[in-house]
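Only one structure is covered here, and it is reproduced in the block below.
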Amino acid sequence: MPSLFLYSGGEVVKVEKVPIDLDKRRHLVYDLDAVYELEQVYGSFAKAIKSVRLDAFDDTAKVLYFGLRHEDDTLSVAAADHLIDVTNRFEVIEKIIKAVSLSLPDSSAVQTTNQQTQQPDSLDDSGWEWDWLYYMGTVLLGMSEAVFWSSTPRKLFSLWAIHKRVNGWEETESPEKTRAQAWIDQYI
């Protein structure tokens, strides 16, 4: 399958797969499907990643499973658990963190247009606004359901930034004018 490239703000954003040598060469990607499923299990994507950072062994296997599932639909959590041992545990954690960081959007590409849009790279403990993200991807960006779920958050928000720019939806007022207007609105 060819790699996908997106032009965003003068940079080329590539959907990156992080290679990891386990029972064989595999590749970690945290696409929207994986992020959604991790939120279902942990309550939020941030909690899932925090559990890996805390080196919780069972949680590391679950998060590994969701990152590998895109290329091996026969993989199970138990099978992913067997891929981790004391010799590769810290490497697995390091690769998971790298794959997560490559899957999340650049903060410069994420610009909120209303209160429903959340910045997924600010890993807080609340879940993402999935209804809005699905609407943004499938209706506003015209993605098929399969393309949406296999996209990384980075890809989705890069496309969204381009879509806003092409359609003239970007904020054109300076931050100073916006702050001044907010101050005036507060007192009027």
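Letters A, B, ... go to the chains of the structure tokens in the order shown; residues in each chain start at 1; ligands are counted from 1 in the same order.
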
If you run DSSP on the backbone, which residues of stretch 20-121 of chain A are alpha helix (DSSP H), as a VMD selection string? chain A and resid 32 to 42 45 to 53 57 to 68 77 to 82 89 to 103

Please produce an output containing N, CA and C atoms for each residue in the selection, written as a short mmCIF file (atom, residue, chain, number, x, y, z; two decimals), in the first residue's frame.
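Below is the file out_39.cif, written as the result:
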```
data_model
loop_
_atom_site.label_atom_id
_atom_site.label_comp_id
_atom_site.auth_asym_id
_atom_site.auth_seq_id
_atom_site.Cartn_x
_atom_site.Cartn_y
_atom_site.Cartn_z
N LEU A 32 -7.47 6.27 13.95
CA LEU A 32 -8.66 6.67 14.70
C LEU A 32 -9.40 5.47 15.27
N ASP A 33 -9.37 4.35 14.58
CA ASP A 33 -10.00 3.14 15.10
C ASP A 33 -9.33 2.70 16.40
N ALA A 34 -8.01 2.70 16.43
CA ALA A 34 -7.27 2.30 17.64
C ALA A 34 -7.52 3.28 18.78
N VAL A 35 -7.50 4.57 18.47
CA VAL A 35 -7.74 5.59 19.50
C VAL A 35 -9.14 5.44 20.08
N TYR A 36 -10.13 5.23 19.22
CA TYR A 36 -11.51 5.05 19.68
C TYR A 36 -11.62 3.83 20.59
N GLU A 37 -11.05 2.71 20.16
CA GLU A 37 -11.12 1.48 20.95
C GLU A 37 -10.40 1.63 22.29
N LEU A 38 -9.27 2.30 22.30
CA LEU A 38 -8.57 2.54 23.56
C LEU A 38 -9.39 3.41 24.50
N GLU A 39 -10.11 4.38 23.94
CA GLU A 39 -11.01 5.19 24.78
C GLU A 39 -12.12 4.34 25.37
N GLN A 40 -12.62 3.38 24.61
CA GLN A 40 -13.67 2.51 25.12
C GLN A 40 -13.17 1.66 26.29
N VAL A 41 -11.94 1.22 26.21
CA VAL A 41 -11.36 0.36 27.25
C VAL A 41 -10.94 1.17 28.48
N TYR A 42 -10.31 2.33 28.26
CA TYR A 42 -9.70 3.09 29.36
C TYR A 42 -10.48 4.34 29.79
N PHE A 45 -8.07 8.20 25.79
CA PHE A 45 -6.80 7.82 25.16
C PHE A 45 -5.64 8.20 26.08
N ALA A 46 -5.77 9.31 26.75
CA ALA A 46 -4.72 9.78 27.66
C ALA A 46 -4.47 8.77 28.78
N LYS A 47 -5.54 8.21 29.34
CA LYS A 47 -5.38 7.22 30.41
C LYS A 47 -4.66 5.97 29.90
N ALA A 48 -4.94 5.57 28.67
CA ALA A 48 -4.27 4.41 28.09
C ALA A 48 -2.78 4.67 27.98
N ILE A 49 -2.42 5.83 27.47
CA ILE A 49 -1.00 6.15 27.28
C ILE A 49 -0.31 6.33 28.63
N LYS A 50 -1.00 6.93 29.59
CA LYS A 50 -0.42 7.09 30.93
C LYS A 50 -0.12 5.73 31.56
N SER A 51 -0.99 4.75 31.33
CA SER A 51 -0.76 3.42 31.89
C SER A 51 0.49 2.77 31.29
N VAL A 52 0.74 3.03 30.01
CA VAL A 52 1.96 2.51 29.38
C VAL A 52 3.17 3.21 29.95
N ARG A 53 3.08 4.52 30.11
CA ARG A 53 4.21 5.28 30.67
C ARG A 53 4.53 4.84 32.09
N PHE A 57 2.21 -3.68 32.95
CA PHE A 57 2.48 -4.74 31.99
C PHE A 57 1.25 -5.13 31.17
N ASP A 58 0.11 -5.37 31.84
CA ASP A 58 -1.11 -5.76 31.12
C ASP A 58 -1.58 -4.65 30.19
N ASP A 59 -1.46 -3.41 30.65
CA ASP A 59 -1.89 -2.28 29.82
C ASP A 59 -0.99 -2.12 28.61
N THR A 60 0.29 -2.35 28.77
CA THR A 60 1.21 -2.25 27.64
C THR A 60 0.82 -3.25 26.55
N ALA A 61 0.43 -4.45 26.93
CA ALA A 61 0.00 -5.46 25.95
C ALA A 61 -1.27 -5.01 25.23
N LYS A 62 -2.22 -4.43 25.95
CA LYS A 62 -3.46 -3.96 25.31
C LYS A 62 -3.18 -2.84 24.33
N VAL A 63 -2.37 -1.87 24.75
CA VAL A 63 -2.06 -0.74 23.88
C VAL A 63 -1.25 -1.21 22.67
N LEU A 64 -0.34 -2.15 22.88
CA LEU A 64 0.41 -2.74 21.77
C LEU A 64 -0.54 -3.40 20.79
N TYR A 65 -1.48 -4.17 21.30
CA TYR A 65 -2.46 -4.85 20.46
C TYR A 65 -3.20 -3.87 19.54
N PHE A 66 -3.71 -2.78 20.11
CA PHE A 66 -4.47 -1.82 19.31
C PHE A 66 -3.58 -1.12 18.28
N GLY A 67 -2.31 -0.95 18.57
CA GLY A 67 -1.39 -0.34 17.61
C GLY A 67 -0.98 -1.27 16.48
N LEU A 68 -1.08 -2.57 16.70
CA LEU A 68 -0.71 -3.56 15.68
C LEU A 68 -1.91 -4.09 14.90
N VAL A 77 -5.32 -9.77 22.16
CA VAL A 77 -4.60 -9.15 23.29
C VAL A 77 -3.67 -10.17 23.92
N ALA A 78 -4.14 -11.41 24.05
CA ALA A 78 -3.30 -12.47 24.64
C ALA A 78 -2.06 -12.72 23.78
N ALA A 79 -2.23 -12.73 22.47
CA ALA A 79 -1.08 -12.93 21.58
C ALA A 79 -0.12 -11.76 21.67
N ALA A 80 -0.65 -10.54 21.77
CA ALA A 80 0.21 -9.35 21.94
C ALA A 80 0.96 -9.43 23.26
N ASP A 81 0.30 -9.94 24.29
CA ASP A 81 0.94 -10.10 25.60
C ASP A 81 2.14 -11.04 25.50
N HIS A 82 2.03 -12.08 24.69
CA HIS A 82 3.13 -13.04 24.52
C HIS A 82 4.29 -12.47 23.72
N ARG A 89 10.67 -5.33 26.82
CA ARG A 89 9.61 -4.54 27.44
C ARG A 89 9.81 -3.03 27.27
N PHE A 90 11.01 -2.53 27.59
CA PHE A 90 11.24 -1.10 27.52
C PHE A 90 11.30 -0.61 26.08
N GLU A 91 11.79 -1.45 25.17
CA GLU A 91 11.78 -1.09 23.76
C GLU A 91 10.35 -0.98 23.24
N VAL A 92 9.49 -1.91 23.66
CA VAL A 92 8.09 -1.89 23.25
C VAL A 92 7.43 -0.60 23.73
N ILE A 93 7.67 -0.24 24.98
CA ILE A 93 7.09 0.99 25.52
C ILE A 93 7.59 2.20 24.74
N GLU A 94 8.87 2.23 24.46
CA GLU A 94 9.47 3.34 23.70
C GLU A 94 8.84 3.45 22.31
N LYS A 95 8.64 2.32 21.64
CA LYS A 95 8.05 2.32 20.30
C LYS A 95 6.58 2.74 20.33
N ILE A 96 5.86 2.32 21.36
CA ILE A 96 4.46 2.73 21.50
C ILE A 96 4.38 4.25 21.63
N ILE A 97 5.20 4.81 22.50
CA ILE A 97 5.19 6.26 22.72
C ILE A 97 5.56 6.99 21.43
N LYS A 98 6.53 6.47 20.69
CA LYS A 98 6.93 7.09 19.42
C LYS A 98 5.77 7.03 18.42
N ALA A 99 5.12 5.88 18.32
CA ALA A 99 4.00 5.73 17.37
C ALA A 99 2.84 6.65 17.74
N VAL A 100 2.58 6.79 19.03
CA VAL A 100 1.52 7.70 19.47
C VAL A 100 1.86 9.13 19.08
N SER A 101 3.11 9.53 19.32
CA SER A 101 3.48 10.91 19.00
C SER A 101 3.44 11.17 17.49
N LEU A 102 3.75 10.18 16.68
CA LEU A 102 3.66 10.35 15.23
C LEU A 102 2.23 10.31 14.71
N SER A 103 1.33 9.73 15.48
CA SER A 103 -0.07 9.64 15.07
C SER A 103 -0.88 10.86 15.46
#
```

Show me, as a list of chain:residue names, the residues that have an atom within 10 Å of A:Asp23 when counting only C-alpha atoms, minus same-chain residues fewer than 2 positions from it.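 What passes the distance filter is A:Ile20, A:Asp21, A:Arg25, A:Arg26, A:Ala80, A:His82, A:Leu83, A:Ile84.
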
Any chance you can output those residues with C-alpha atoms as a PDB file, in the first residue's frame?
```pdb
ATOM      1  CA  ILE A  20       9.024  -2.973  15.828  1.00  0.00           C
ATOM      2  CA  ASP A  21      10.741  -6.347  15.849  1.00  0.00           C
ATOM      3  CA  ARG A  25       8.811  -7.213  11.872  1.00  0.00           C
ATOM      4  CA  ARG A  26       5.560  -5.439  12.662  1.00  0.00           C
ATOM      5  CA  ALA A  80       0.210  -9.354  21.943  1.00  0.00           C
ATOM      6  CA  HIS A  82       3.126 -13.039  24.525  1.00  0.00           C
ATOM      7  CA  LEU A  83       5.139 -10.730  22.269  1.00  0.00           C
ATOM      8  CA  ILE A  84       6.396  -8.775  25.298  1.00  0.00           C
TER       9      ILE A  84
END
```

Mind the document's chain letters and residue numbers, and return as a ChimeraX atom specification the residues of stretch 5-163 of chain A that DSSP labels strand (DSSP E). /A:5-8,11-14,18-21,25-28

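Going from atom CA of A:Trp128 to atom CA of A:Val29 covers 18.2 Å.
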
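Interatomic distance, atom CA of A:Gly43 against atom CA of A:Gly127: 6.7 Å.
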
Please, what distance in Å, to one decimal, runs between atom CA of A:Leu22 and atom CA of A:Asp85?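 Straight-line distance from atom CA of A:Leu22 to atom CA of A:Asp85 works out to 9.9 Å.
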
Which is closer to A:Glu16 than all the others in A:Leu28, A:Ala146, A:Asp72, A:Val166, using only C-alpha atoms?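 Distance minimum relative to A:Glu16 lands on A:Leu28.
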